[in-house]
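J.: Please find one structure pasted underneath; my questions will follow.
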Amino acid sequence: MTGRDLRGLKAYLIIVAACSNGDNGWSTTHDSAVWARLMDIHETATDQSARTGAWRTLRRLQARKLIECSRSGTLITVTLLREDGSGKPYDRPVGDAEENRFLQIPTTFWTLGRDEDLDLPGLALFLVVAREKNGSTFPADKAPEWYGWSPDTHERGLKKLVALGLVERREHRTKAPLSPLGFTMAHQYQRTAITRPRKPRKTAAPAGR
């Protein structure tokens, strides 16, 4: 957010999705033209410029210690590092502690183009909402302390998500006898059905003898 790097954020999410099975040591290799298409750079640049743009984007992520990347001819190999920016090797989060919490985004988020209309505040807030429980509140006045961006950016991101139908908002009242109205009101947010990961199907129990 501080670097206003929407392309970098989208590229990082794509890399995480591409490496998520861990079958190749948390790495993935593609031609630089493929990386350019994944980042949509090819839509506004020549082939060579798009290839160069993709490499520069990956190098920015490497500078932030989120990935390692290398080139061999036109092939680019990217390896995930731990998402906290420590530069440590990546390992699969298991959710047993705060530093190991994770979120899930369905592949349809990309294949159906849900990401295409999101600006940087919208995408950042989508990740924030996706990480928390359904019906959580996200007070704008806490945004600088909790997330490191301004209350205005925070509110713009949430409004964008609601307008696009990616997140739903509802009012929640809490009794407060000493307040002028006798209650306080906050907005609760959660992902809409189209942006939630599918729950795994339950396997049928084997029939008894």
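Residues are referred to by chain and number: the chain letter is A, B, ... according to the order shown in the structure tokens, the number counts from 1 in that chain, and ligands are numbered separately from 1 in the order shown.
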Any idea what's packed within 10 Å of A:Gln48, counting only C-alpha atoms, ignoring anything in its chain fewer than 3 positions away? Could you give it as a compact mmCIF listing (two decimals) with all heavy atoms, in the first residue's frame?

T.:
```txt
# COMPACT_ATOMS: atom_id res chain seq x y z
N SER A 32 8.63 -15.45 -19.65
CA SER A 32 8.35 -14.07 -19.22
C SER A 32 7.10 -13.50 -19.88
O SER A 32 6.41 -12.65 -19.30
CB SER A 32 9.55 -13.17 -19.54
OG SER A 32 9.87 -13.20 -20.92
N ALA A 33 6.75 -13.99 -21.07
CA ALA A 33 5.52 -13.54 -21.72
C ALA A 33 4.30 -14.02 -20.96
O ALA A 33 3.27 -13.33 -20.89
CB ALA A 33 5.46 -14.05 -23.16
N ALA A 36 3.90 -11.84 -17.98
CA ALA A 36 3.33 -10.56 -18.40
C ALA A 36 1.82 -10.66 -18.57
O ALA A 36 1.08 -9.75 -18.20
CB ALA A 36 3.99 -10.09 -19.69
N HIS A 42 0.59 -7.12 -20.85
CA HIS A 42 0.59 -7.22 -22.31
C HIS A 42 -0.51 -6.38 -22.95
O HIS A 42 -0.46 -6.08 -24.14
CB HIS A 42 0.40 -8.68 -22.72
CG HIS A 42 -0.95 -9.23 -22.40
ND1 HIS A 42 -1.40 -9.40 -21.10
CD2 HIS A 42 -1.97 -9.63 -23.21
CE1 HIS A 42 -2.63 -9.89 -21.14
NE2 HIS A 42 -2.99 -10.03 -22.39
N ALA A 45 1.23 -2.79 -23.50
CA ALA A 45 2.65 -2.67 -23.83
C ALA A 45 3.01 -3.62 -24.96
O ALA A 45 2.30 -4.59 -25.23
CB ALA A 45 3.50 -2.98 -22.60
N ARG A 51 7.42 -8.05 -21.21
CA ARG A 51 8.35 -8.99 -20.57
C ARG A 51 9.22 -8.26 -19.54
O ARG A 51 9.42 -8.74 -18.42
CB ARG A 51 9.24 -9.65 -21.62
CG ARG A 51 8.53 -10.65 -22.53
CD ARG A 51 9.47 -11.12 -23.64
NE ARG A 51 8.85 -12.05 -24.57
CZ ARG A 51 8.87 -13.39 -24.42
NH1 ARG A 51 9.50 -13.93 -23.37
NH2 ARG A 51 8.30 -14.16 -25.32
N THR A 52 9.71 -7.08 -19.93
CA THR A 52 10.54 -6.30 -19.02
C THR A 52 9.75 -5.84 -17.81
O THR A 52 10.23 -5.88 -16.67
CB THR A 52 11.12 -5.07 -19.75
OG1 THR A 52 11.90 -5.50 -20.86
CG2 THR A 52 11.98 -4.24 -18.81
N GLY A 53 8.50 -5.43 -18.03
CA GLY A 53 7.64 -5.00 -16.92
C GLY A 53 7.37 -6.11 -15.93
O GLY A 53 7.34 -5.89 -14.71
N ALA A 54 7.16 -7.32 -16.44
CA ALA A 54 6.92 -8.46 -15.56
C ALA A 54 8.15 -8.73 -14.69
O ALA A 54 8.03 -8.97 -13.49
CB ALA A 54 6.57 -9.69 -16.39
```

J.: Based on DSSP run over this structure's backbone, return all residues of stretch 48-201 of chain A in strand (DSSP E or B), as a ChimeraX atom specification.

T.: /A:67-72,75-81,89,136-137,167-175,183-191

J.: Residues near A:Ala186, anyone? I mean within 8 Å using only C-alpha atoms, not counting same-chain ones fewer than 3 positions away, as number ranges by chain.

T.: A: 137, 171-173

J.: Selected residues, N, CA and C atoms, written as an mmCIF file, in the first residue's frame, please.

T.:
```cif
data_model
loop_
_atom_site.group_PDB
_atom_site.id
_atom_site.type_symbol
_atom_site.label_atom_id
_atom_site.label_comp_id
_atom_site.auth_asym_id
_atom_site.auth_seq_id
_atom_site.Cartn_x
_atom_site.Cartn_y
_atom_site.Cartn_z
ATOM 1 N N THR A 137 -16.166 -6.283 12.352
ATOM 2 C CA THR A 137 -16.194 -4.841 12.109
ATOM 3 C C THR A 137 -14.778 -4.372 11.773
ATOM 4 N N GLU A 171 -25.861 -3.517 9.316
ATOM 5 C CA GLU A 171 -25.768 -2.702 10.525
ATOM 6 C C GLU A 171 -25.945 -3.574 11.766
ATOM 7 N N HIS A 172 -25.164 -3.266 12.776
ATOM 8 C CA HIS A 172 -25.259 -4.008 14.031
ATOM 9 C C HIS A 172 -25.372 -3.015 15.181
ATOM 10 N N ARG A 173 -26.441 -3.151 15.957
ATOM 11 C CA ARG A 173 -26.654 -2.246 17.084
ATOM 12 C C ARG A 173 -26.269 -2.924 18.391
#
```

J.: So that I can see what lies close to A:Gln188, please list as a PyMOL selection string the residues with an atom at most 12 Å from it, counting only C-alpha atoms and leaving out residues fewer than 4 positions away in the same chain.

T.: chain A and resi 129+132-139+158+162+167-173

J.: Based on the selection just made, write N, CA, C and O atoms of those residues as an mmCIF file, in the first residue's frame.

T.:
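Contents of the output file part.cif:
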```cif
data_model
loop_
_atom_site.group_PDB
_atom_site.id
_atom_site.type_symbol
_atom_site.label_atom_id
_atom_site.label_comp_id
_atom_site.auth_asym_id
_atom_site.auth_seq_id
_atom_site.Cartn_x
_atom_site.Cartn_y
_atom_site.Cartn_z
ATOM 1 N N VAL A 129 -10.747 -8.372 4.931
ATOM 2 C CA VAL A 129 -12.046 -8.972 5.237
ATOM 3 C C VAL A 129 -11.974 -10.501 5.141
ATOM 4 O O VAL A 129 -12.535 -11.215 5.967
ATOM 5 N N GLU A 132 -10.620 -12.328 8.312
ATOM 6 C CA GLU A 132 -11.358 -12.311 9.572
ATOM 7 C C GLU A 132 -12.643 -13.131 9.491
ATOM 8 O O GLU A 132 -13.064 -13.554 8.424
ATOM 9 N N LYS A 133 -13.262 -13.320 10.632
ATOM 10 C CA LYS A 133 -14.514 -14.070 10.702
ATOM 11 C C LYS A 133 -15.643 -13.279 10.054
ATOM 12 O O LYS A 133 -15.613 -12.048 10.003
ATOM 13 N N ASN A 134 -16.647 -13.986 9.559
ATOM 14 C CA ASN A 134 -17.829 -13.324 9.012
ATOM 15 C C ASN A 134 -18.470 -12.435 10.078
ATOM 16 O O ASN A 134 -18.568 -12.822 11.247
ATOM 17 N N GLY A 135 -18.895 -11.262 9.662
ATOM 18 C CA GLY A 135 -19.567 -10.357 10.587
ATOM 19 C C GLY A 135 -18.618 -9.529 11.440
ATOM 20 O O GLY A 135 -19.027 -8.958 12.445
ATOM 21 N N SER A 136 -17.356 -9.417 11.025
ATOM 22 C CA SER A 136 -16.402 -8.602 11.774
ATOM 23 C C SER A 136 -16.584 -7.128 11.432
ATOM 24 O O SER A 136 -17.113 -6.775 10.378
ATOM 25 N N THR A 137 -16.166 -6.283 12.352
ATOM 26 C CA THR A 137 -16.194 -4.841 12.109
ATOM 27 C C THR A 137 -14.778 -4.372 11.773
ATOM 28 O O THR A 137 -13.797 -4.929 12.258
ATOM 29 N N PHE A 138 -14.699 -3.338 10.959
ATOM 30 C CA PHE A 138 -13.404 -2.811 10.532
ATOM 31 C C PHE A 138 -13.424 -1.294 10.677
ATOM 32 O O PHE A 138 -13.563 -0.572 9.689
ATOM 33 N N PRO A 139 -13.307 -0.801 11.916
ATOM 34 C CA PRO A 139 -13.405 0.648 12.146
ATOM 35 C C PRO A 139 -12.296 1.419 11.454
ATOM 36 O O PRO A 139 -11.117 1.073 11.562
ATOM 37 N N LEU A 158 -13.533 -0.394 1.469
ATOM 38 C CA LEU A 158 -14.749 -1.112 1.857
ATOM 39 C C LEU A 158 -15.927 -0.745 0.953
ATOM 40 O O LEU A 158 -16.704 -1.620 0.547
ATOM 41 N N VAL A 162 -18.209 -3.339 -1.456
ATOM 42 C CA VAL A 162 -19.668 -3.440 -1.367
ATOM 43 C C VAL A 162 -20.301 -3.104 -2.712
ATOM 44 O O VAL A 162 -21.229 -3.784 -3.168
ATOM 45 N N VAL A 167 -18.330 -7.995 -1.165
ATOM 46 C CA VAL A 167 -18.493 -8.000 0.290
ATOM 47 C C VAL A 167 -19.865 -7.435 0.613
ATOM 48 O O VAL A 167 -20.349 -6.536 -0.082
ATOM 49 N N GLU A 168 -20.500 -7.992 1.625
ATOM 50 C CA GLU A 168 -21.797 -7.461 2.053
ATOM 51 C C GLU A 168 -21.658 -6.801 3.421
ATOM 52 O O GLU A 168 -20.832 -7.207 4.242
ATOM 53 N N ARG A 169 -22.474 -5.765 3.632
ATOM 54 C CA ARG A 169 -22.411 -4.986 4.871
ATOM 55 C C ARG A 169 -23.775 -4.976 5.534
ATOM 56 O O ARG A 169 -24.804 -4.893 4.873
ATOM 57 N N ARG A 170 -23.754 -5.073 6.855
ATOM 58 C CA ARG A 170 -25.009 -4.973 7.589
ATOM 59 C C ARG A 170 -24.791 -4.148 8.853
ATOM 60 O O ARG A 170 -23.676 -4.073 9.380
ATOM 61 N N GLU A 171 -25.861 -3.517 9.316
ATOM 62 C CA GLU A 171 -25.768 -2.702 10.525
ATOM 63 C C GLU A 171 -25.945 -3.574 11.766
ATOM 64 O O GLU A 171 -26.761 -4.500 11.775
ATOM 65 N N HIS A 172 -25.164 -3.266 12.776
ATOM 66 C CA HIS A 172 -25.259 -4.008 14.031
ATOM 67 C C HIS A 172 -25.372 -3.015 15.181
ATOM 68 O O HIS A 172 -24.513 -2.148 15.352
ATOM 69 N N ARG A 173 -26.441 -3.151 15.957
ATOM 70 C CA ARG A 173 -26.654 -2.246 17.084
ATOM 71 C C ARG A 173 -26.269 -2.924 18.391
ATOM 72 O O ARG A 173 -26.555 -4.106 18.608
#
```

J.: Pick out the residues sitting within 12 Å of A:Gln62, and hand them over as a list of chain:residue names; count only C-alpha atoms, and ignore anything fewer than 5 positions along from it in its own chain.

T.: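 Here the qualifying residues turn out to be A:Gly8, A:Ala11, A:Tyr12, A:Trp55, A:Arg56, A:Thr57, A:Ile67, A:Glu68, A:Cys69, A:Ser70, A:Thr77, A:Val78, A:Thr79, A:Leu80, A:Leu81, A:Arg82, A:Glu83, A:Gly85, A:Ser86, A:Gly87.
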